[in-house]
Amino acid sequence: MTTADDLFTEESASPVVQSVALSHLSVELGHLYMEDFRAGEGRLREHFRRVAPWAQAAVEQTAGLLGPNRTPRISTCFLIDDYFTRFSSPPEVISALVAAAGAAGLEIDYVARESGCARAGDVEVATLVAEHVVHEPHEGVNGGRPPVTESGWLSNGERSPVTTASAMSGPSRWRPPRQSAVQNHSIFVDIEVWSGPPEDRLWSCPFLASVWQLQRLGLLRHGGRPIAEPVEVKVEQLSENWDEMPPIVQLNPRASALRAYRTFTPLDSRFLPIELAVRTILGQVWIDPLVDGQVCGRARGEGMELPTEPVGRISYAFL
């Protein structure tokens with residue numbers, strides 16, 4: 001016997017994708033590495049002083065795109081590197097960040113651990129994204145270069161072939177690398193996604209940054225459910241142990257959603273090579289069309305037309 005409220009469907013025929021709250025814009029106020037923290041309060045204050053005008057410009061631009069009489073939903077976030085190096089403790093580091101940001105008139109809504117882009121709870125997030133990298137064999141490929149799933153290397157084209165000439169053969173002819181989606185001239189990049197054995201991979205900084213962008217764009221799901229939902233915690237309540245800190249902490253209880261239709265990140269110019277790698281990686285990650293369609297449909301309902309490719313929803317200012 002069933003009631004009117006009962007609904008039975010084939011699970012494979014109608015996968016359920018849970019939606020997430022979405023802001024109009026996610027503004028990342030920076031990344032923190034051990035050397036930046038050890039440089040002291042002055043380094044942190046200088047960082048936020050440089051970032052503040054760009055963050056304000058992004059807010060104004062978003063408000064302009066939405067039009068009059070509409071208040072944009074904008075959240076801020078900050079990423080701390082606890083993956084490659086562990087330093088100090090969460091309460092000390094985040095307190096310093098909050099104070100330095102406040103001195104520049106900025107408020108940090110969310111703080112994320114970079115290790116949470118590798119693993120969040122029981123979910124191997126980086127592995128999940130790596131499994132959705134689409135390997136595109138190039139014309140004339142002979143298997144000399146293994147796919148990224150085996151090699152840990154990803155490129156945006158075809159590198160120059162490595163040839164070995166025998167003593168009796170003539171000299172081999174050099175061929176330049178070739179970008180797949182070339183416009184006039186190639187810009188070829190080859191990116192290390194991970195190193196080490198498969199059972200103990202060390203994920204690269206660009207790959208973890210790619211995972212972080214997908215998280216901010218609301219495009220990550222595991223079994224249809226969001227990954228690493230923000231946990232509201234006060235700074236003074238944080239554990240001294242990084243492993244006990246949630247992957248994403250919500251510091252501002254009034255903040256708009258962490259995830260957003262678009263992301264903006266003002267960065268020091270030293271991060272430009274990393275972000276080139278991020279964009280190359282994201283251009284080869286398969287996004288679940290149900291998830292992407294959900295996000296794009298909601299944006300359309302708010303009068304925003306998003307670029308077809310998620311990488312087009314990401315913007316930067318290099319300082």
# chains A, B, ... in the order shown; residues from 1 in each chain; ligands from 1
$ residues_around --residues "stretch 217-229 of chain A" --least-positions-apart "4" --cutoff "7 Å" --atoms "only C-alpha atoms" --output "ChimeraX atom specification"
/A:16-18,20,120,213,247-248,259-263,291-292
$ residues_around --residues "A:His24" --least-positions-apart "2" --cutoff "10 Å" --atoms "only C-alpha atoms" --output "list in words"
Leu22, Ser26, Val59, Thr62, Ala63, Leu66, Thr71, Pro72, Arg73, Ile74, Ser75, Ser256, Ala257, Leu258, Arg259, Ala260, Tyr261, Arg262, Thr263, Ala299, Glu302 and Met304 of chain A
$ atom_distance --atom1 "atom CA of A:Ser210" --atom2 "atom CA of A:His47"
22.5 Å
$ atom_distance --atom1 "atom CA of A:Leu290" --atom2 "atom CA of A:Ser19"
10.3 Å
$ closest_residue --among "A:Ala99, A:Ala209, A:Met245, A:Leu319" --to "A:Arg50" --atoms "only C-alpha atoms"
A:Leu319
$ atom_distance --atom1 "atom CA of A:Gln183" --atom2 "atom CA of A:Gly293"
28.9 Å
$ residues_around --residues "A:Pro206" --least-positions-apart "6" --cutoff "8 Å" --atoms "only C-alpha atoms" --output "number ranges by chain"
A: 193, 274-275, 277-278
$ closest_residue --among "A:Ser155, A:Asn252, A:Ser23, A:Thr85" --to "A:Arg279" --atoms "only C-alpha atoms"
A:Ser155
